[in-house]
$ cat protein-v4.txt   # compact mmCIF, C-alpha atoms and all ligand atoms
# COMPACT_ATOMS: atom_id res chain seq x y z
CA MET A 873 19.07 -43.08 52.08
CA SER A 874 16.79 -41.94 49.34
CA ASN A 875 18.13 -39.25 47.11
CA ALA A 876 16.80 -40.52 43.82
CA THR A 877 15.68 -37.74 41.53
CA THR A 878 14.38 -38.14 38.02
CA MET A 879 16.42 -37.21 35.01
CA ASP A 880 13.39 -36.44 32.91
CA GLY A 881 13.83 -33.51 30.60
CA THR A 882 11.05 -31.98 28.62
CA PRO A 883 10.86 -34.18 25.55
CA GLY A 884 8.19 -33.66 22.95
CA GLY A 885 6.43 -35.98 20.53
CA ALA A 886 5.59 -39.64 20.95
CA HIS A 887 8.41 -40.30 23.41
CA ALA A 888 7.09 -37.92 26.06
CA ALA A 889 4.68 -40.38 27.70
CA VAL A 890 7.30 -43.15 27.78
CA GLN A 891 9.81 -40.87 29.41
CA GLN A 892 7.61 -40.03 32.39
CA ALA A 893 8.52 -43.14 34.37
CA PRO A 894 12.21 -43.85 34.99
CA LEU A 895 13.44 -47.05 33.37
CA LEU A 896 15.97 -47.61 36.14
CA GLU A 897 15.71 -46.65 39.81
CA VAL A 898 18.66 -47.41 42.05
CA ASN A 899 18.15 -46.69 45.72
CA GLY A 900 20.66 -47.06 48.54
CA LEU A 901 22.71 -49.62 46.62
CA SER A 902 25.76 -51.04 48.44
CA VAL A 903 27.97 -53.90 47.27
CA TYR A 904 30.37 -55.80 49.58
CA PHE A 905 32.95 -58.42 48.66
CA ASP A 906 34.46 -60.90 51.10
CA THR A 907 38.23 -60.95 50.96
CA PRO A 908 40.79 -62.72 53.19
CA ARG A 909 41.47 -59.34 54.83
CA GLY A 910 37.82 -58.49 55.49
CA ALA A 911 34.77 -57.18 53.63
CA VAL A 912 35.37 -54.55 50.94
CA ARG A 913 32.55 -52.06 50.51
CA SER A 914 33.02 -51.35 46.80
CA VAL A 915 29.75 -49.47 46.34
CA ASP A 916 28.44 -47.41 49.22
CA ASP A 917 24.79 -46.40 49.39
CA ILE A 918 24.29 -44.92 45.94
CA SER A 919 21.04 -43.73 44.40
CA PHE A 920 20.01 -42.44 41.00
CA THR A 921 17.30 -42.78 38.39
CA LEU A 922 17.56 -42.97 34.63
CA SER A 923 14.87 -42.59 31.99
CA ARG A 924 14.80 -43.81 28.41
CA GLY A 925 16.57 -41.52 25.99
CA ARG A 926 18.82 -40.12 28.72
CA THR A 927 22.51 -40.56 29.51
CA LEU A 928 24.05 -40.75 32.96
CA GLY A 929 27.81 -40.22 33.07
CA VAL A 930 29.54 -42.07 35.92
CA VAL A 931 32.97 -40.60 36.56
CA GLY A 932 35.73 -41.42 39.03
CA GLU A 933 39.27 -42.68 39.43
CA SER A 934 40.27 -46.30 39.21
CA GLY A 935 38.71 -48.36 42.01
CA SER A 936 35.91 -45.89 42.77
CA GLY A 937 33.20 -48.50 42.14
CA LYS A 938 32.05 -47.59 38.62
CA SER A 939 32.24 -51.08 37.12
CA VAL A 940 30.91 -52.84 40.21
CA THR A 941 27.87 -50.53 40.07
CA SER A 942 27.20 -51.40 36.42
CA LYS A 943 27.78 -55.10 36.94
CA ALA A 944 25.56 -55.18 40.04
CA ILE A 945 22.70 -53.66 38.04
CA MET A 946 23.28 -56.04 35.11
CA GLY A 947 23.47 -59.07 37.42
CA LEU A 948 27.02 -59.83 36.28
CA LEU A 949 28.67 -60.15 39.70
CA PRO A 950 29.46 -63.67 40.94
CA ARG A 951 27.01 -64.76 43.63
CA SER A 952 29.51 -66.21 46.05
CA GLY A 953 31.45 -63.87 48.31
CA ARG A 954 29.43 -60.77 47.61
CA ARG A 955 26.49 -59.07 49.26
CA ILE A 956 24.14 -56.49 47.76
CA GLU A 957 22.01 -54.12 49.81
CA GLY A 958 19.44 -51.64 48.58
CA SER A 959 17.11 -51.67 45.63
CA ILE A 960 17.49 -51.86 41.82
CA VAL A 961 14.18 -51.40 40.05
CA TYR A 962 14.30 -51.89 36.28
CA ASP A 963 11.13 -51.29 34.27
CA GLY A 964 9.07 -51.70 37.45
CA LYS A 965 10.78 -54.96 38.48
CA GLU A 966 12.98 -55.37 41.57
CA LEU A 967 16.16 -57.02 40.32
CA THR A 968 17.97 -57.68 43.59
CA SER A 969 15.78 -60.76 44.14
CA TYR A 970 16.24 -62.03 40.55
CA ARG A 971 17.71 -65.48 39.97
CA ASP A 972 20.45 -66.00 37.35
CA ALA A 973 18.00 -67.36 34.77
CA GLU A 974 15.74 -64.32 35.20
CA TYR A 975 18.72 -62.03 34.74
CA ARG A 976 19.79 -63.91 31.62
CA SER A 977 16.39 -63.22 30.09
CA LEU A 978 17.17 -59.48 30.34
CA TRP A 979 20.60 -59.61 28.73
CA GLY A 980 20.71 -58.42 25.17
CA THR A 981 17.03 -57.60 24.85
CA ASP A 982 16.68 -55.28 27.86
CA MET A 983 20.23 -54.50 28.99
CA ALA A 984 23.57 -54.76 27.29
CA MET A 985 27.11 -53.70 28.04
CA VAL A 986 29.99 -52.40 25.95
CA PHE A 987 33.28 -53.13 27.73
CA GLN A 988 36.58 -51.31 27.49
CA ASP A 989 38.59 -53.87 25.58
CA PRO A 990 36.99 -55.22 22.40
CA MET A 991 39.30 -58.25 22.32
CA THR A 992 37.93 -59.54 25.62
CA SER A 993 34.33 -59.07 24.45
CA LEU A 994 34.72 -60.75 21.05
CA ASN A 995 35.51 -64.37 20.37
CA PRO A 996 38.75 -64.25 18.33
CA VAL A 997 38.05 -67.53 16.53
CA MET A 998 34.46 -66.79 15.52
CA LYS A 999 33.58 -64.76 12.43
CA ILE A 1000 32.21 -61.29 13.17
CA GLY A 1001 28.89 -61.95 11.48
CA ARG A 1002 28.28 -65.10 13.49
CA GLN A 1003 28.91 -63.23 16.76
CA ILE A 1004 25.94 -61.03 15.92
CA THR A 1005 23.60 -63.55 14.27
CA GLU A 1006 23.99 -66.00 17.17
CA SER A 1007 22.21 -63.71 19.63
CA LEU A 1008 19.63 -62.63 17.03
CA GLN A 1009 18.68 -66.27 16.43
CA LEU A 1010 18.82 -67.20 20.10
CA ASN A 1011 17.09 -64.18 21.65
CA LEU A 1012 14.78 -63.00 18.87
CA GLY A 1013 14.14 -66.35 17.14
CA MET A 1014 15.23 -65.09 13.73
CA ASP A 1015 15.96 -67.56 10.93
CA ARG A 1016 19.49 -67.68 9.52
CA GLN A 1017 18.95 -65.42 6.50
CA THR A 1018 16.95 -62.77 8.41
CA ALA A 1019 19.63 -62.74 11.11
CA LYS A 1020 22.34 -62.31 8.46
CA ASP A 1021 20.49 -59.41 6.83
CA SER A 1022 19.98 -57.79 10.25
CA ALA A 1023 23.64 -58.27 11.19
CA ILE A 1024 24.83 -56.62 7.99
CA GLY A 1025 22.39 -53.77 8.67
CA LEU A 1026 23.87 -53.40 12.18
CA LEU A 1027 27.46 -53.39 10.88
CA SER A 1028 26.42 -50.69 8.45
CA ALA A 1029 24.66 -48.73 11.25
CA VAL A 1030 27.87 -48.69 13.28
CA LYS A 1031 29.64 -47.40 10.16
CA ILE A 1032 31.78 -50.37 9.29
CA PRO A 1033 32.80 -50.05 5.63
CA ALA A 1034 31.96 -52.99 3.33
CA PRO A 1035 29.78 -54.74 5.96
CA GLU A 1036 29.06 -57.77 3.70
CA LYS A 1037 32.79 -58.45 3.47
CA ARG A 1038 33.46 -57.80 7.17
CA PHE A 1039 30.62 -60.18 8.07
CA ASN A 1040 32.91 -63.08 7.10
CA GLU A 1041 36.08 -61.79 8.76
CA TYR A 1042 37.56 -62.48 12.19
CA PRO A 1043 38.08 -59.81 14.92
CA GLY A 1044 41.86 -59.95 14.49
CA GLN A 1045 41.50 -58.68 10.91
CA LEU A 1046 40.06 -55.35 12.12
CA SER A 1047 41.65 -52.27 13.71
CA GLY A 1048 40.91 -51.52 17.41
CA GLY A 1049 38.35 -48.85 16.51
CA MET A 1050 36.54 -51.16 14.05
CA ARG A 1051 36.52 -53.96 16.61
CA GLN A 1052 34.89 -51.65 19.14
CA ARG A 1053 32.24 -50.82 16.52
CA VAL A 1054 31.56 -54.56 16.21
CA VAL A 1055 31.24 -54.82 20.01
CA ILE A 1056 28.69 -52.00 19.89
CA ALA A 1057 26.81 -53.78 17.07
CA VAL A 1058 26.72 -56.98 19.16
CA ALA A 1059 25.43 -55.02 22.18
CA LEU A 1060 22.75 -53.26 20.11
CA ALA A 1061 21.68 -56.35 18.16
CA CYS A 1062 18.63 -57.30 20.23
CA GLY A 1063 17.48 -53.72 20.84
CA PRO A 1064 18.31 -53.18 24.52
CA LYS A 1065 16.50 -50.40 26.36
CA LEU A 1066 19.45 -49.78 28.68
CA LEU A 1067 23.08 -49.72 27.55
CA PHE A 1068 26.11 -49.66 29.85
CA ALA A 1069 29.24 -48.37 28.16
CA ASP A 1070 32.08 -49.09 30.62
CA GLU A 1071 35.16 -47.12 29.59
CA PRO A 1072 34.28 -47.88 25.96
CA THR A 1073 37.13 -45.89 24.47
CA THR A 1074 40.10 -45.92 26.85
CA ALA A 1075 41.97 -48.51 24.76
CA LEU A 1076 41.68 -46.30 21.65
CA ASP A 1077 43.54 -43.24 20.41
CA VAL A 1078 41.97 -39.81 20.89
CA THR A 1079 40.52 -39.36 17.38
CA VAL A 1080 38.97 -42.84 17.34
CA GLN A 1081 37.65 -42.27 20.89
CA ALA A 1082 35.64 -39.27 19.72
CA GLN A 1083 34.25 -41.23 16.75
CA ILE A 1084 33.16 -44.13 18.95
CA LEU A 1085 31.58 -41.80 21.52
CA ASP A 1086 29.74 -39.98 18.73
CA LEU A 1087 28.54 -43.32 17.38
CA LEU A 1088 27.24 -44.37 20.80
CA ALA A 1089 25.46 -41.03 21.22
CA GLU A 1090 23.90 -41.34 17.77
CA GLN A 1091 22.69 -44.89 18.37
CA GLN A 1092 21.40 -43.96 21.81
CA ARG A 1093 19.35 -41.09 20.31
CA ASP A 1094 18.05 -43.14 17.38
CA ARG A 1095 17.01 -46.06 19.58
CA PHE A 1096 15.81 -43.94 22.50
CA MET A 1097 17.92 -46.02 24.88
CA ALA A 1098 18.93 -45.11 28.39
CA MET A 1099 22.73 -45.12 28.64
CA VAL A 1100 25.17 -45.28 31.54
CA LEU A 1101 28.50 -43.96 30.26
CA VAL A 1102 31.32 -44.94 32.63
CA THR A 1103 34.67 -43.17 32.46
CA HIS A 1104 37.53 -41.85 34.57
CA ASP A 1105 37.58 -38.71 32.42
CA LEU A 1106 35.17 -35.84 33.09
CA GLY A 1107 35.95 -34.55 29.58
CA VAL A 1108 34.41 -37.64 27.98
CA VAL A 1109 30.99 -37.08 29.57
CA ALA A 1110 31.10 -33.26 29.38
CA GLY A 1111 29.14 -32.92 26.15
CA ARG A 1112 27.46 -36.30 26.16
CA ALA A 1113 25.69 -36.94 29.47
CA ASP A 1114 22.48 -35.34 30.70
CA GLU A 1115 23.46 -35.96 34.29
CA ILE A 1116 26.79 -36.81 35.92
CA ALA A 1117 27.46 -38.89 39.04
CA VAL A 1118 30.96 -38.45 40.44
CA MET A 1119 32.10 -41.50 42.43
CA TYR A 1120 34.82 -41.60 45.06
CA ALA A 1121 35.65 -44.62 47.23
CA GLY A 1122 32.35 -46.28 46.32
CA ARG A 1123 30.14 -43.26 47.06
CA ILE A 1124 28.45 -40.78 44.78
CA VAL A 1125 30.02 -37.58 46.11
CA GLU A 1126 28.35 -35.22 43.63
CA ARG A 1127 25.44 -35.68 41.29
CA ALA A 1128 23.87 -33.04 39.11
CA SER A 1129 22.77 -32.18 35.61
CA THR A 1130 25.83 -31.71 33.41
CA ARG A 1131 25.13 -28.00 33.13
CA SER A 1132 24.79 -27.56 36.89
CA LEU A 1133 27.84 -29.69 37.63
CA PHE A 1134 30.10 -27.59 35.42
CA GLY A 1135 28.37 -24.31 36.22
CA ARG A 1136 28.17 -24.66 40.02
CA MET A 1137 30.68 -27.33 40.92
CA LYS A 1138 30.53 -28.24 44.61
CA HIS A 1139 32.83 -31.10 45.47
CA PRO A 1140 36.61 -30.63 45.77
CA TYR A 1141 37.09 -34.05 44.19
CA THR A 1142 35.06 -33.03 41.12
CA GLU A 1143 37.17 -29.90 40.92
CA ALA A 1144 40.33 -32.01 41.06
CA LEU A 1145 38.98 -34.28 38.32
CA LEU A 1146 38.26 -31.24 36.17
CA LYS A 1147 41.85 -30.14 36.57
CA SER A 1148 43.02 -33.49 35.29
CA ILE A 1149 41.12 -33.29 31.98
CA PRO A 1150 43.46 -33.26 28.97
CA LYS A 1151 42.87 -30.18 26.81
CA LEU A 1152 42.78 -30.28 23.03
CA SER A 1153 44.97 -27.20 23.12
CA SER A 1154 47.76 -29.10 24.87
CA ALA A 1155 49.95 -30.59 22.20
CA SER A 1156 50.33 -33.99 23.83
CA HIS A 1157 46.80 -34.29 25.32
CA THR A 1158 48.55 -35.11 28.58
CA ARG A 1159 46.83 -34.53 31.90
CA LEU A 1160 47.23 -31.08 33.37
CA ASP A 1161 47.56 -32.25 36.93
CA ALA A 1162 47.10 -35.70 38.41
CA ILE A 1163 45.29 -35.79 41.76
CA GLY A 1164 47.90 -36.20 44.51
CA GLY A 1165 47.68 -39.11 46.94
CA SER A 1166 45.55 -42.22 46.59
CA PRO A 1167 42.03 -43.33 47.51
CA PRO A 1168 41.48 -44.93 50.94
CA ASN A 1169 41.49 -48.62 51.75
CA LEU A 1170 37.91 -49.80 51.25
CA ILE A 1171 38.32 -52.62 53.79
CA ASP A 1172 38.94 -50.10 56.58
CA PRO A 1173 37.63 -46.78 55.27
CA PRO A 1174 38.19 -43.58 57.26
CA ALA A 1175 35.44 -42.49 59.68
CA GLY A 1176 35.15 -39.03 58.14
CA CYS A 1177 35.28 -37.85 54.55
CA ALA A 1178 37.08 -40.40 52.35
CA PHE A 1179 38.70 -37.56 50.36
CA ALA A 1180 40.06 -35.71 53.42
CA ALA A 1181 43.66 -36.90 53.05
CA ARG A 1182 43.83 -35.45 49.53
CA CYS A 1183 41.59 -32.41 49.84
CA ALA A 1184 42.95 -28.86 49.76
CA TYR A 1185 40.01 -27.56 51.80
CA ALA A 1186 39.95 -30.22 54.56
CA GLN A 1187 39.26 -29.14 58.15
CA PRO A 1188 39.34 -31.17 61.40
CA ARG A 1189 35.60 -31.79 61.08
CA CYS A 1190 36.19 -33.60 57.76
CA VAL A 1191 38.34 -36.22 59.46
CA GLU A 1192 35.84 -36.80 62.26
CA GLU A 1193 32.49 -36.74 60.50
CA ARG A 1194 31.27 -38.23 57.28
CA PRO A 1195 29.65 -35.55 55.13
CA PRO A 1196 26.11 -36.54 54.13
CA LEU A 1197 24.86 -36.17 50.57
CA VAL A 1198 22.86 -32.94 50.61
CA ALA A 1199 20.95 -30.90 48.07
CA ASP A 1200 22.02 -27.46 46.91
CA PRO A 1201 19.24 -25.08 48.11
CA ALA A 1202 19.53 -23.22 44.78
CA ASP A 1203 19.00 -26.46 42.82
CA PRO A 1204 17.59 -29.41 44.81
CA SER A 1205 18.58 -31.83 42.04
CA HIS A 1206 22.25 -30.93 42.58
CA LEU A 1207 23.60 -33.19 45.34
CA TYR A 1208 27.00 -33.17 46.99
CA ALA A 1209 28.74 -34.70 50.02
CA CYS A 1210 31.06 -32.04 51.39
CA PHE A 1211 31.18 -29.72 54.42
CA TYR A 1212 33.16 -27.00 52.64
CA PRO A 1213 32.14 -27.00 48.96
CA VAL A 1214 34.34 -25.25 46.40
CA ASP A 1215 31.99 -22.27 46.16
CA SER A 1216 31.94 -21.69 49.96
CA ALA A 1217 33.57 -18.82 51.81
CA HIS A 1218 35.97 -21.32 53.39
CA ALA A 1219 37.20 -22.55 50.00
CA ALA A 1220 37.54 -18.94 48.77
CA GLY A 1221 39.60 -18.15 51.89
CA VAL A 1222 41.88 -21.14 51.30
CA ARG A 1223 42.42 -19.99 47.72
CA ALA A 1224 43.09 -16.39 48.73
CA GLU A 1225 45.62 -17.45 51.34
CA ALA A 1226 47.38 -19.79 48.96
CA ALA A 1227 47.47 -17.08 46.30
CA ALA A 1228 48.90 -14.59 48.79
CA HIS A 1229 51.71 -17.02 49.48
CA GLY A 1230 52.36 -17.43 45.81
CA GLU A 1231 51.01 -20.96 45.51
CA LEU A 1232 47.51 -21.27 44.19
CA VAL A 1233 45.66 -24.24 45.63
CA ASN A 1234 43.87 -26.04 42.80
CA ALA A 1235 45.27 -23.58 40.28
CA HIS A 1236 43.55 -24.13 36.96
CA PRO A 1237 42.64 -21.74 34.15
CA GLY A 1238 39.12 -20.56 34.88
CA LEU A 1239 38.82 -22.26 38.24
CA GLU A 1240 40.29 -19.38 40.23
CA ALA A 1241 37.15 -17.40 39.42
CA PHE A 1242 34.75 -19.87 41.05
CA PRO A 1243 32.14 -19.24 42.29
CA GLN A 1244 31.55 -15.66 41.19
CA THR A 1245 32.04 -16.22 37.47
CA PRO A 1246 32.12 -19.91 36.59
CA PRO A 1247 34.06 -20.46 33.37
CA PRO A 1248 31.80 -20.85 30.36
CA PHE A 1249 31.24 -24.54 29.74
CA ASP A 1250 32.87 -25.35 26.43
CA PRO A 1251 33.11 -29.10 25.81
CA SER A 1252 34.92 -28.52 22.50
CA THR A 1253 38.07 -27.66 24.43
CA MET A 1254 38.06 -31.11 26.00
CA HIS A 1255 39.04 -34.21 24.16
CA GLY A 1256 36.09 -36.46 23.49
CA GLY A 1257 33.59 -33.63 24.00
CA THR A 1258 32.67 -32.66 20.51
CA ASN A 1259 28.91 -32.76 20.32
N1 LIG B 1 35.39 -59.51 43.09
C1 LIG B 1 35.94 -58.59 43.87
N2 LIG B 1 36.46 -58.91 45.07
C2 LIG B 1 37.01 -57.98 45.89
N3 LIG B 1 37.09 -56.67 45.58
C3 LIG B 1 36.60 -56.29 44.40
C4 LIG B 1 36.00 -57.20 43.48
N4 LIG B 1 35.59 -56.52 42.37
C5 LIG B 1 35.93 -55.23 42.61
N5 LIG B 1 36.53 -55.09 43.80
C6 LIG B 1 37.03 -53.84 44.38
O1 LIG B 1 35.98 -52.90 44.34
C7 LIG B 1 36.50 -51.60 44.10
C8 LIG B 1 35.77 -50.98 42.95
O2 LIG B 1 36.11 -51.69 41.76
P1 LIG B 1 35.58 -51.24 40.33
O3 LIG B 1 36.02 -52.31 39.38
O4 LIG B 1 34.14 -50.95 40.37
O5 LIG B 1 36.38 -49.90 40.08
P2 LIG B 1 36.29 -48.92 38.83
O6 LIG B 1 35.80 -47.60 39.33
O7 LIG B 1 35.51 -49.56 37.75
O8 LIG B 1 37.83 -48.79 38.45
P3 LIG B 1 38.55 -48.78 37.00
O9 LIG B 1 38.48 -47.36 36.52
O10 LIG B 1 39.94 -49.22 37.31
O11 LIG B 1 37.83 -49.74 36.09
C9 LIG B 1 37.99 -51.77 43.87
O12 LIG B 1 38.67 -51.44 45.06
C10 LIG B 1 38.14 -53.23 43.55
O13 LIG B 1 39.40 -53.71 43.95
S1 LIG B 2 34.15 -32.75 53.44
FE1 LIG B 2 36.09 -31.74 53.85
S2 LIG B 2 37.68 -33.21 53.15
FE2 LIG B 2 35.74 -33.87 52.30
S3 LIG B 2 35.73 -32.98 50.28
FE3 LIG B 2 34.65 -31.55 51.63
S4 LIG B 2 36.21 -30.10 52.33
FE4 LIG B 2 37.28 -31.86 51.45
MG MG B 3 36.01 -50.28 35.86

$ encode --input "protein-v4.txt" --output "structure tokens"
Amino acid sequence: MSNATTMDGTPGGAHAAVQQAPLLEVNGLSVYFDTPRGAVRSVDDISFTLSRGRTLGVVGESGSGKSVTSKAIMGLLPRSGRRIEGSIVYDGKELTSYRDAEYRSLWGTDMAMVFQDPMTSLNPVMKIGRQITESLQLNLGMDRQTAKDSAIGLLSAVKIPAPEKRFNEYPGQLSGGMRQRVVIAVALACGPKLLFADEPTTALDVTVQAQILDLLAEQQRDRFMAMVLVTHDLGVVAGRADEIAVMYAGRIVERASTRSLFGRMKHPYTEALLKSIPKLSSASHTRLDAIGGSPPNLIDPPAGCAFAARCAYAQPRCVEERPPLVADPADPSHLYACFYPVDSAHAAGVRAEAAAHGELVNAHPGLEAFPQTPPPFDPSTMHGGTN
């Protein structure tokens, strides 16, 4: 399959020429793991491109293949017991044939990752400053004093108060939010061109989440990095990604520019994810509606649509046939894998019938009006979507 489309916008100035060629091109990527019960297809034929200065949001429930995708691109998956198919081209180089040593040469300087839990990324018995200077000395060949000056500059850039003092402290002496800032400083230290942020804020409270996401966005802009922002929460990427890929059971089931995804949503799973976004207006920030049921077994996936068992619009065809990823004729860059998209006459009929019986399928403020008058996209009503 080849559905890669470029995420290039229309940038001006000196960056325009650089942004012409995608930094990352993923085409038909599948990842399998051997398990005692058979092969698990964790990532299933996904394609996308990403240019410098742009952010791709990857959204999906637990187990949908978000982390495996990021780790496969970064070369972080163990070699034994896994198989990768497809192509990963980074900066013109095919990475699927890279050896471990070649991959290692990319880490830090070309690609870096910010993980969910800062305590697993930081060494608890090593001073914060040393955790940054080590890679500066190793990867960039800096001398001790230059590395120290750079590290303090980085701690200051990620808005850690009194960076000279913090330089000599241990991770355990900082709050969760401050530790995550240190993790970001470590990731940014050697100036990567591509940053993966894998659920970078889920361990943090809502206010700190927004600050960390703002910090990542600011650093991404300033450094003109490409960023893959992974989350289970559509609200987190709403105001921060240029394009969004929605993953379900290892597949990208919808991919579009953020504006198009929210303005002309196609996939019932995306719609269900939207319903589960916590609203700032809700006192507890609790989810409005969890998606009923659970994802399929990836060892023995269903023949048809993987979402069929949970989908309000499913028809017999959905169980028999696998919906291909197709382009919206009105916007060829908007892709979706569904026979009966949420703006189709079928979906409207299902809604009308449910409403007539007093139970609205997929009831959600604003959603009932799809597709005639999509609700105005207002990220400020979603937690984490403040810019
Ligand atoms: N080493 C492995 N061996 C076998 N299965 C694996 C392995 N790593 C991941 N998987 C499976 O691949 C699927 C995708 O996992 P992945 O970690 O990418 O999910 P995710 O979308 O990142 O979920 P979460 O939101 O919980 O982090 C899951 O079903 C997981 O159990
Ligand atoms: S193909 Fe059918 S089951 Fe799958 S998401 Fe679309 S309507 Fe639902
Ligand atoms: Mg994950």

$ atom_distance --input "protein-v4.txt" --atom1 "CA of Leu1170 in chain A" --atom2 "CA of Val912 in chain A"
5.4 Å

$ closest_atom_pairs --input "protein-v4.txt" --of "chain A" --to "ligand MG 3 (chain B)" --cutoff "12 Å" --atoms "only C-alpha atoms and all ligand atoms" --output "Markdown table"
| residue | atom | partner | partner_atom | distance |
| --- | --- | --- | --- | --- |
| A:Ser914 | CA | B:MG3 | MG | 11.4 |
| A:Val930 | CA | B:MG3 | MG | 10.5 |
| A:Val931 | CA | B:MG3 | MG | 10.2 |
| A:Gly932 | CA | B:MG3 | MG | 9.4 |
| A:Glu933 | CA | B:MG3 | MG | 9.0 |
| A:Ser934 | CA | B:MG3 | MG | 6.7 |
| A:Gly935 | CA | B:MG3 | MG | 7.0 |
| A:Ser936 | CA | B:MG3 | MG | 8.2 |
| A:Gly937 | CA | B:MG3 | MG | 7.1 |
| A:Lys938 | CA | B:MG3 | MG | 5.5 |
| A:Ser939 | CA | B:MG3 | MG | 4.1 |
| A:Val940 | CA | B:MG3 | MG | 7.2 |
| A:Thr941 | CA | B:MG3 | MG | 9.2 |
| A:Ser942 | CA | B:MG3 | MG | 8.9 |
| A:Lys943 | CA | B:MG3 | MG | 9.6 |
| A:Val986 | CA | B:MG3 | MG | 11.8 |
| A:Phe987 | CA | B:MG3 | MG | 9.0 |
| A:Gln988 | CA | B:MG3 | MG | 8.5 |
| A:Asp989 | CA | B:MG3 | MG | 11.2 |
| A:Phe1068 | CA | B:MG3 | MG | 11.6 |
| A:Ala1069 | CA | B:MG3 | MG | 10.4 |
| A:Asp1070 | CA | B:MG3 | MG | 6.7 |
| A:Glu1071 | CA | B:MG3 | MG | 7.1 |
| A:Pro1072 | CA | B:MG3 | MG | 10.3 |
| A:Thr1074 | CA | B:MG3 | MG | 10.8 |
| A:Leu1101 | CA | B:MG3 | MG | 11.3 |
| A:Val1102 | CA | B:MG3 | MG | 7.8 |
| A:Thr1103 | CA | B:MG3 | MG | 8.0 |
| A:His1104 | CA | B:MG3 | MG | 8.7 |
| A:Met1119 | CA | B:MG3 | MG | 11.6 |
| A:Gly1122 | CA | B:MG3 | MG | 11.8 |

$ residues_around --input "protein-v4.txt" --residues "Cys1177 in chain A" --least-positions-apart "4" --cutoff "12 Å" --atoms "all atoms listed in the file" --output "PyMOL selection string"
chain A and resi 1120-1121+1123+1125+1139-1141+1167-1168+1173+1181-1183+1185-1197+1209-1212

$ write_last_selection --input "protein-v4.txt" --atoms "C-alpha atoms" --output "tab-separated table (two decimals), keeping the file's coordinate frame"
chain	number	residue	atom	x	y	z
A	1120	TYR	CA	34.82	-41.60	45.06
A	1121	ALA	CA	35.65	-44.62	47.23
A	1123	ARG	CA	30.14	-43.26	47.06
A	1125	VAL	CA	30.02	-37.58	46.11
A	1139	HIS	CA	32.83	-31.10	45.47
A	1140	PRO	CA	36.61	-30.63	45.77
A	1141	TYR	CA	37.09	-34.05	44.19
A	1167	PRO	CA	42.03	-43.33	47.51
A	1168	PRO	CA	41.48	-44.93	50.94
A	1173	PRO	CA	37.63	-46.78	55.27
A	1181	ALA	CA	43.66	-36.90	53.05
A	1182	ARG	CA	43.83	-35.45	49.53
A	1183	CYS	CA	41.59	-32.41	49.84
A	1185	TYR	CA	40.01	-27.56	51.80
A	1186	ALA	CA	39.95	-30.22	54.56
A	1187	GLN	CA	39.26	-29.14	58.15
A	1188	PRO	CA	39.34	-31.17	61.40
A	1189	ARG	CA	35.60	-31.79	61.08
A	1190	CYS	CA	36.19	-33.60	57.76
A	1191	VAL	CA	38.34	-36.22	59.46
A	1192	GLU	CA	35.84	-36.80	62.26
A	1193	GLU	CA	32.49	-36.74	60.50
A	1194	ARG	CA	31.27	-38.23	57.28
A	1195	PRO	CA	29.65	-35.55	55.13
A	1196	PRO	CA	26.11	-36.54	54.13
A	1197	LEU	CA	24.86	-36.17	50.57
A	1209	ALA	CA	28.74	-34.70	50.02
A	1210	CYS	CA	31.06	-32.04	51.39
A	1211	PHE	CA	31.18	-29.72	54.42
A	1212	TYR	CA	33.16	-27.00	52.64

$ residues_around --input "protein-v4.txt" --residues "Ser993 in chain A" --least-positions-apart "6" --cutoff "12 Å" --atoms "all atoms listed in the file" --output "PyMOL selection string"
chain A and resi 984-987+1000+1003+1043+1051-1059+1070+1072

$ closest_residue --input "protein-v4.txt" --among "A:Pro990, A:Ala1178, A:Ser1148, A:Ala1034" --to "Leu1076 in chain A" --atoms "only C-alpha atoms"
A:Pro990

$ atom_distance --input "protein-v4.txt" --atom1 "CA of Asp916 in chain A" --atom2 "CA of Val903 in chain A"
6.8 Å

$ closest_residue --input "protein-v4.txt" --among "A:Ala1110, A:Leu922, A:Ala944, A:Ala1224" --to "ligand LIG 1 (chain B)" --atoms "all atoms listed in the file"
A:Ala944

$ atom_distance --input "protein-v4.txt" --atom1 "CA of Ser919 in chain A" --atom2 "CA of Gly900 in chain A"
5.3 Å

$ residues_around --input "protein-v4.txt" --residues "Ala1184 in chain A" --least-positions-apart "4" --cutoff "12 Å" --atoms "all atoms listed in the file" --output "PyMOL selection string"
chain A and resi 1139-1141+1143-1144+1163-1165+1179-1180+1190+1212-1214+1218-1223+1225-1226+1232-1235

$ residues_near_point --input "protein-v4.txt" --point "(8.9, -49.8, 33.2)" --cutoff "9 Å" --atoms "only C-alpha atoms" --output "PyMOL selection string"
chain A and resi 890+893-896+961-965

$ closest_residue --input "protein-v4.txt" --among "A:Met983, A:Ile1004, A:Ile1084, A:Met998" --to "Val1030 in chain A" --atoms "all atoms listed in the file"
A:Ile1084

$ axis_aligned_box --input "protein-v4.txt" --around "ligand LIG 2 (chain B)" --padding-each-side "4 Å" --output "lines of an AutoDock Vina configuration file"
center_x = 35.9
center_y = -32.0
center_z = 52.1
size_x = 11.5
size_y = 11.8
size_z = 11.6

$ residues_around --input "protein-v4.txt" --residues "Ala1098 in chain A" --least-positions-apart "5" --cutoff "7 Å" --atoms "all atoms listed in the file" --output "PDB file with C-alpha atoms, keeping the file's coordinate frame"
ATOM      1  CA  LEU A 922      17.560 -42.970  34.630  1.00  0.00           C
ATOM      2  CA  SER A 923      14.870 -42.590  31.990  1.00  0.00           C
ATOM      3  CA  ARG A 924      14.800 -43.810  28.410  1.00  0.00           C
ATOM      4  CA  GLY A 925      16.570 -41.520  25.990  1.00  0.00           C
ATOM      5  CA  ARG A 926      18.820 -40.120  28.720  1.00  0.00           C
ATOM      6  CA  THR A 927      22.510 -40.560  29.510  1.00  0.00           C
ATOM      7  CA  LYS A1065      16.500 -50.400  26.360  1.00  0.00           C
ATOM      8  CA  LEU A1066      19.450 -49.780  28.680  1.00  0.00           C
ATOM      9  CA  LEU A1067      23.080 -49.720  27.550  1.00  0.00           C
TER      10      LEU A1067
END
